[in-house]
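Coordinates as given in coords_17.txt (compact mmCIF, C-alpha atoms):
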# COMPACT_ATOMS: atom_id res chain seq x y z
CA PRO A 1 8.60 -42.95 113.73
CA PRO A 2 10.08 -41.00 110.89
CA ALA A 3 10.13 -42.77 107.63
CA VAL A 4 13.45 -43.72 106.33
CA ARG A 5 13.99 -43.12 102.61
CA ALA A 6 16.21 -45.51 100.81
CA SER A 7 18.43 -43.77 98.35
CA SER A 8 19.04 -45.41 95.06
CA SER A 9 21.32 -44.28 92.30
CA VAL A 10 20.62 -44.77 88.61
CA THR A 11 23.73 -45.34 86.62
CA PRO A 12 23.40 -44.50 82.94
CA PRO A 13 24.50 -47.10 80.52
CA SER A 14 28.14 -46.81 79.75
CA CYS A 15 29.04 -45.67 76.31
CA VAL A 16 32.50 -47.20 76.63
CA PRO A 17 32.72 -50.92 76.01
CA ALA A 18 34.50 -53.19 78.45
CA LYS A 19 38.05 -54.11 77.85
CA GLY A 20 37.49 -57.82 77.59
CA ASP A 21 34.76 -57.69 74.97
CA SER A 22 35.38 -59.12 71.53
CA GLN A 23 35.02 -57.20 68.25
CA PRO A 24 31.50 -58.49 67.34
CA ASP A 25 30.35 -57.75 70.85
CA ARG A 26 31.72 -54.22 70.60
CA LEU A 27 29.82 -53.59 67.36
CA GLN A 28 26.61 -54.94 68.86
CA SER A 29 27.06 -52.94 72.05
CA SER A 30 27.88 -49.79 70.07
CA THR A 31 24.77 -50.19 67.98
CA ALA A 32 22.49 -50.94 70.90
CA ASN A 33 23.82 -48.51 73.47
CA SER A 34 25.23 -45.60 71.35
CA CYS A 35 24.38 -42.05 72.37
CA ASP A 36 24.25 -40.81 68.70
CA PRO A 37 20.97 -40.94 66.74
CA ALA A 38 20.51 -43.75 64.33
CA LEU A 39 22.14 -43.15 60.94
CA ARG A 40 19.91 -42.83 57.90
CA PRO A 41 20.97 -43.23 54.28
CA ILE A 42 21.67 -39.92 52.48
CA ILE A 43 20.52 -41.08 49.01
CA ARG A 44 16.78 -41.35 48.91
CA ARG A 45 15.16 -43.70 46.51
CA ARG A 46 12.86 -41.84 44.07
CA ALA A 47 9.31 -42.95 43.79
CA ARG A 48 8.40 -44.48 40.46
CA SER A 49 5.48 -42.10 39.94
CA LEU A 50 7.66 -38.97 40.36
CA PRO A 51 9.14 -37.79 37.03
CA THR A 52 12.72 -36.61 36.66
CA SER A 53 13.63 -32.93 36.72
CA PRO A 54 13.68 -32.35 32.89
CA GLU A 55 10.34 -34.08 32.57
CA ARG A 56 8.85 -31.93 35.35
CA ARG A 57 10.08 -28.74 33.64
CA LYS A 58 8.63 -29.86 30.31
CA GLN A 59 5.26 -30.67 31.88
CA ALA A 60 5.21 -27.31 33.69
CA GLY A 61 5.90 -25.45 30.42
CA VAL A 62 3.10 -27.28 28.64
CA GLN A 63 0.69 -26.49 31.46
CA ARG A 64 1.60 -22.78 31.36
CA ARG A 65 1.09 -22.60 27.59
CA VAL A 66 -2.26 -24.34 27.85
CA ALA A 67 -3.35 -21.96 30.59
CA ALA A 68 -2.26 -18.94 28.53
CA CYS A 69 -4.17 -20.16 25.48
CA GLU A 70 -7.29 -20.80 27.55
CA GLY A 71 -7.09 -17.37 29.14
CA ARG A 72 -7.14 -15.38 25.88
CA ALA A 73 -9.25 -15.47 22.74
CA ASN A 74 -7.78 -16.44 19.38
CA ARG A 75 -6.91 -13.47 17.14
CA VAL A 76 -6.15 -13.47 13.40
CA ARG A 77 -4.30 -10.57 11.79
CA PHE A 78 -3.63 -10.03 8.08
CA ALA A 79 -0.66 -8.14 6.67
CA ASP A 80 0.53 -7.14 3.23
CA ALA A 81 3.83 -8.04 1.55
CA LEU A 82 5.66 -5.45 3.69
CA GLY A 83 4.16 -6.68 6.96
CA LEU A 84 1.89 -3.64 7.34
CA GLU A 85 -1.73 -3.72 8.39
CA LEU A 86 -4.28 -4.24 5.65
CA THR A 87 -6.95 -2.34 7.54
CA GLU A 88 -7.02 1.11 9.07
CA VAL A 89 -9.62 2.29 11.56
CA LYS A 90 -10.98 5.78 10.93
CA VAL A 91 -13.45 7.43 13.31
CA PHE A 92 -15.74 9.96 11.63
CA GLN A 93 -17.42 12.74 13.55
CA THR A 94 -21.06 13.64 13.11
CA GLY A 95 -21.55 15.41 9.79
CA GLU A 96 -18.12 14.45 8.48
CA ASP A 97 -18.34 12.67 5.13
CA PRO A 98 -15.63 10.16 4.23
CA SER A 99 -13.47 10.94 1.18
CA VAL A 100 -13.52 8.03 -1.26
CA PRO A 101 -10.72 8.01 -3.88
CA LEU A 102 -11.81 8.38 -7.48
CA HIS A 103 -10.22 5.12 -8.60
CA VAL A 104 -12.24 3.27 -5.95
CA LEU A 105 -15.47 4.88 -7.13
CA SER A 106 -14.68 4.02 -10.74
CA ARG A 107 -14.04 0.41 -9.82
CA LEU A 108 -17.29 0.21 -7.88
CA SER A 109 -19.14 1.65 -10.87
CA ILE A 110 -17.56 -0.86 -13.21
CA ASN A 111 -18.35 -3.77 -10.91
CA SER A 112 -21.96 -2.64 -10.62
CA ASP A 113 -22.27 -2.41 -14.39
CA LEU A 114 -20.84 -5.88 -14.80
CA TRP A 115 -23.09 -7.31 -12.11
CA GLY A 116 -26.28 -5.86 -13.55
CA SER A 117 -25.57 -6.77 -17.15
CA SER A 118 -24.80 -9.99 -18.95
CA LEU A 119 -22.85 -8.16 -21.67
CA ASP A 120 -19.16 -7.38 -21.75
CA LEU A 121 -18.12 -4.05 -20.29
CA GLU A 122 -17.15 -1.37 -22.82
CA PHE A 123 -15.16 1.67 -21.81
CA THR A 124 -12.68 4.07 -23.35
CA MET A 125 -9.12 5.02 -22.46
CA GLN A 126 -7.34 8.22 -23.45
CA TYR A 127 -3.88 8.13 -24.95
CA LEU A 128 -1.60 10.29 -27.11
CA VAL A 129 -1.35 9.48 -30.81
CA PRO A 130 1.41 10.94 -33.06
CA ASP A 131 0.23 13.12 -35.94
CA PHE A 132 3.32 12.31 -38.00
CA GLN A 133 5.24 9.35 -39.31
CA GLN A 134 8.27 8.31 -37.29
CA PRO A 135 11.19 10.19 -38.92
CA ALA A 136 13.50 7.15 -38.72
CA ASP A 137 11.04 5.26 -40.95
CA CYS A 138 11.15 7.91 -43.69
CA MET A 139 13.36 7.43 -46.75
CA ASP A 140 14.83 10.95 -46.53
CA PHE A 141 15.90 10.68 -42.87
CA SER A 142 19.65 10.70 -43.63
CA ALA A 143 19.28 13.61 -46.06
CA ARG A 144 17.34 15.64 -43.53
CA LEU A 145 19.98 14.96 -40.90
CA ARG A 146 22.79 16.17 -43.18
CA GLU A 147 20.82 19.28 -44.09
CA GLN A 148 19.53 20.27 -40.64
CA LEU A 149 22.38 18.73 -38.55
CA VAL A 150 19.66 17.64 -36.11
CA CYS A 151 16.67 15.35 -36.62
CA LEU A 152 14.12 13.64 -34.41
CA GLU A 153 14.60 9.88 -34.74
CA ARG A 154 11.72 8.26 -32.88
CA VAL A 155 9.26 9.10 -30.11
CA THR A 156 6.72 7.02 -28.15
CA SER A 157 3.98 7.83 -25.63
CA SER A 158 3.15 6.26 -22.28
CA ASP A 159 1.00 6.97 -19.23
CA PHE A 160 3.69 9.30 -17.90
CA GLY A 161 4.66 11.28 -20.99
CA LEU A 162 6.64 11.22 -24.24
CA SER A 163 10.10 9.70 -24.62
CA GLY A 164 12.25 9.65 -27.73
CA THR A 165 15.66 9.95 -29.37
CA ILE A 166 17.33 12.69 -31.42
CA GLN A 167 20.31 12.38 -33.79
CA VAL A 168 22.78 15.25 -34.30
CA CYS A 169 25.91 15.55 -36.42
CA ASN A 170 29.02 15.58 -34.28
CA ILE A 171 30.42 18.99 -35.27
CA ALA A 172 32.15 19.68 -31.94
CA PHE A 173 32.59 17.98 -28.61
CA GLU A 174 30.75 20.68 -26.64
CA LYS A 175 27.09 20.62 -27.62
CA GLN A 176 23.65 20.91 -26.10
CA VAL A 177 20.43 19.25 -27.28
CA SER A 178 17.00 20.10 -25.87
CA VAL A 179 13.29 19.82 -26.68
CA ARG A 180 10.88 22.74 -26.48
CA TYR A 181 7.19 21.86 -26.07
CA THR A 182 3.79 23.34 -25.26
CA PHE A 183 0.29 22.22 -24.24
CA ASN A 184 -1.63 25.35 -25.28
CA GLN A 185 -0.58 26.31 -28.80
CA TRP A 186 2.61 28.11 -27.63
CA LYS A 187 0.82 30.46 -25.26
CA SER A 188 3.29 29.08 -22.73
CA LEU A 189 6.23 26.79 -23.33
CA HIS A 190 8.55 24.41 -21.51
CA GLU A 191 11.96 23.04 -22.38
CA VAL A 192 13.79 19.91 -21.23
CA ARG A 193 17.39 18.98 -21.88
CA ALA A 194 18.26 15.79 -23.74
CA HIS A 195 21.05 13.49 -22.54
CA TRP A 196 23.77 11.82 -24.56
CA HIS A 197 23.10 8.12 -25.15
CA ASN A 198 25.62 6.77 -27.68
CA SER A 199 27.57 7.58 -30.84
CA ILE A 200 27.25 6.13 -34.34
CA PRO A 201 30.64 5.92 -36.08
CA GLU A 202 31.25 7.44 -39.47
CA LYS A 203 30.17 5.29 -42.43
CA ASN A 204 29.49 5.71 -46.15
CA GLY A 205 30.95 9.20 -46.11
CA GLN A 206 28.53 10.35 -43.40
CA ALA A 207 29.98 12.17 -40.39
CA GLN A 208 29.83 10.71 -36.92
CA VAL A 209 26.40 11.02 -35.30
CA ASP A 210 25.53 11.38 -31.61
CA VAL A 211 22.25 10.05 -30.24
CA PHE A 212 20.47 11.89 -27.41
CA THR A 213 17.42 10.76 -25.40
CA PHE A 214 14.69 12.94 -23.87
CA PHE A 215 11.50 12.64 -21.84
CA LEU A 216 8.56 15.05 -21.82
CA PRO A 217 6.38 14.68 -18.71
CA VAL A 218 2.68 14.97 -19.54
CA PRO A 219 0.40 15.27 -16.48
CA SER A 220 -2.70 13.10 -16.59
CA PHE A 221 -5.06 16.05 -15.95
CA LEU A 222 -3.92 17.57 -19.25
CA LEU A 223 -5.03 14.51 -21.19
CA GLN A 224 -8.39 15.82 -22.33
CA LEU A 225 -10.05 14.77 -25.53
CA CYS A 226 -8.46 16.41 -28.59
CA SER A 227 -5.78 18.15 -26.52
CA VAL A 228 -2.49 18.55 -28.42
CA VAL A 229 1.15 18.42 -27.33
CA GLN A 230 3.54 20.18 -29.73
CA PHE A 231 7.34 20.11 -29.62
CA ALA A 232 10.52 20.71 -31.64
CA ALA A 233 14.17 19.67 -31.28
CA ARG A 234 16.90 22.26 -30.63
CA TYR A 235 20.65 21.80 -31.24
CA GLN A 236 23.27 24.29 -29.97
CA VAL A 237 26.93 23.92 -31.00
CA ASN A 238 29.83 26.33 -31.71
CA GLY A 239 27.64 29.31 -30.86
CA GLN A 240 25.08 28.32 -33.53
CA GLU A 241 21.53 27.07 -33.15
CA TYR A 242 19.79 24.47 -35.33
CA TRP A 243 16.18 23.28 -35.21
CA ASP A 244 14.09 20.32 -36.32
CA ASN A 245 10.46 21.46 -36.28
CA ASN A 246 9.06 19.02 -38.84
CA GLY A 247 9.40 21.44 -41.73
CA GLY A 248 7.79 24.33 -39.82
CA LYS A 249 4.72 22.32 -38.74
CA ASN A 250 6.16 21.11 -35.41
CA TYR A 251 5.80 17.58 -34.12
CA SER A 252 2.52 16.98 -32.32
CA PHE A 253 0.62 14.34 -30.37
CA THR A 254 -3.17 14.44 -30.05
CA CYS A 255 -5.19 12.88 -27.25
CA ARG A 256 -7.58 10.25 -28.62
CA ASN A 257 -10.08 7.79 -27.18
CA TYR A 258 -9.37 4.12 -27.48
CA PRO A 259 -12.36 1.76 -26.96
CA LEU A 260 -11.78 -1.35 -24.85
CA LYS A 261 -13.94 -4.33 -24.04
CA MET A 262 -13.55 -6.34 -20.86
CA PRO A 263 -15.19 -9.77 -20.63
CA ARG A 264 -17.46 -10.40 -17.67
CA GLU A 265 -15.22 -13.16 -16.34
CA CYS A 266 -12.38 -10.63 -15.97
CA GLU A 267 -14.27 -8.60 -13.37
CA GLU A 268 -11.93 -9.50 -10.54
CA SER A 269 -8.85 -8.79 -12.62
CA TRP A 270 -9.83 -5.13 -13.04
CA ILE A 271 -7.76 -4.30 -9.98
CA HIS A 272 -4.63 -4.68 -12.14
CA PHE A 273 -5.73 -1.67 -14.21
CA ILE A 274 -6.17 0.64 -11.21
Could I get this file's structure written as structure tokens?
Amino acid sequence: PPAVRASSSVTPPSCVPAKGDSQPDRLQSSTANSCDPALRPIIRRRARSLPTSPERRKQAGVQRRVAACEGRANRVRFADALGLELTEVKVFQTGEDPSVPLHVLSRLSINSDLWGSSLDLEFTMQYLVPDFQQPADCMDFSARLREQLVCLERVTSSDFGLSGTIQVCNIAFEKQVSVRYTFNQWKSLHEVRAHWHNSIPEKNGQAQVDVFTFFLPVPSFLLQLCSVVQFAARYQVNGQEYWDNNGGKNYSFTCRNYPLKMPRECEESWIHFI
């Protein structure tokens, strides 16, 4: 005979509590038979071994710096007072000789002389020496100024040239003072204009005097032994011209040699003379 199947119905648990249940029973039933997933707390407790966010960022920065330092070699660079490189790379082609400055060669020669000798180094320097007494130191300076209306006062020499002062009698406001000079016994000449410096007021019956300054550039290649620089002062005022040429002999400077001795312990300080 045919089998008879017994039907059975499965009723899902009700999500609605019964009316007669009490409040604690409703909470227990809602917790046990709720259709929603179990609630989890939103705030998670941080593990003790996990650092905070600022600490993690700090550790990551340290690790990156350490990795960068390990990935590259240490380099040392030197710079001068202006921040420029102290060294310059120059590539020379085959057969191209390097050009060494003269002052470097002279220093190398001096250092070699000092190194091979126990004596002090002796060398000479060239400089210009005046062939006349400074006019301002002469007893007749004021008389010469009244007679000539122009007179060289004082002049000094340096590595760059000659600089000095000239006094002129203040005859008129418009005036021009200059210095004419030569390096080759007046075969050729040059002239520079002097500039007003100050005025000396009238005293002891002497008229007011104006003081002018001048500078004569003397190139270093002209400073040969016994070479002479000659010059004279020129004063133009009211359409007239007056000269101070040292009584017709002209003022002159002669190049002389001056011996110098440098102790052996000053070898490294020679760079200050270059």
Problem set entry | 8 Å contact set for Phe253 in chain A, only C-alpha atoms, chain neighbours under 6 positions out, as JSON, numbers by chain | {"A": [128, 129, 130, 131, 228, 229, 230]}
Got time to write the residues from that selection, C-alpha atoms, as a PDB file, in the coordinates of the input?
ATOM      1  CA  LEU A 128      -1.600  10.290 -27.110  1.00  0.00           C
ATOM      2  CA  VAL A 129      -1.350   9.480 -30.810  1.00  0.00           C
ATOM      3  CA  PRO A 130       1.410  10.940 -33.060  1.00  0.00           C
ATOM      4  CA  ASP A 131       0.230  13.120 -35.940  1.00  0.00           C
ATOM      5  CA  VAL A 228      -2.490  18.550 -28.420  1.00  0.00           C
ATOM      6  CA  VAL A 229       1.150  18.420 -27.330  1.00  0.00           C
ATOM      7  CA  GLN A 230       3.540  20.180 -29.730  1.00  0.00           C
TER       8      GLN A 230
END
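CA of Asn170 in chain A sits 27.7 Å away from CA of Leu189 in chain A.
One finds CA of Val177 in chain A at 9.0 Å from CA of Val192 in chain A.
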Problem set entry | Between CA of Pro219 in chain A and CA of Gln176 in chain A - distance in Å to one decimal | 25.8 Å
Exercise. Which is closer to Met125 in chain A than all the others in A:Ala60, A:Val76, A:Ala143, A:Cys255, using all atoms listed in the file?
Worked result: A:Cys255
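Proximity ranking of A:Leu223, A:Ala232, A:Ala136, A:Leu149 relative to Ser178 in chain A places A:Ala232 first, based on all atoms listed in the file.
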For this session: Find the residues around range 195-199 of chain A up to 10 Å (all atoms listed in the file counted), leave out those fewer than 2 positions away in its own chain, and share them as number ranges by chain.
Result: A: 165-170, 175-178, 192-193, 201-202, 208-215
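Among the candidates A:Thr156, A:Gln134, A:Ser227, A:Gln59, the one nearest to Thr182 in chain A when counting only C-alpha atoms is A:Ser227.
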Give me, as CSV, the closest atom pair and its distance (Å, one decimal) for every residue of range 111-219 of chain A within a cut-off of 7 Å of range 238-244 of chain A, counting only C-alpha atoms, rows sorted by chain and rising number.
residue,atom,partner,partner_atom,distance
A:Gln148,CA,A:Tyr242,CA,6.8
A:Val150,CA,A:Asp244,CA,6.2
A:Cys151,CA,A:Asp244,CA,5.6
A:Leu152,CA,A:Asp244,CA,6.9
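Minimum atom-to-atom distances from A:Phe92, A:Trp186, A:Tyr258, A:Tyr181 to Phe231 in chain A were compared using only C-alpha atoms, and the lowest value belongs to A:Tyr181.
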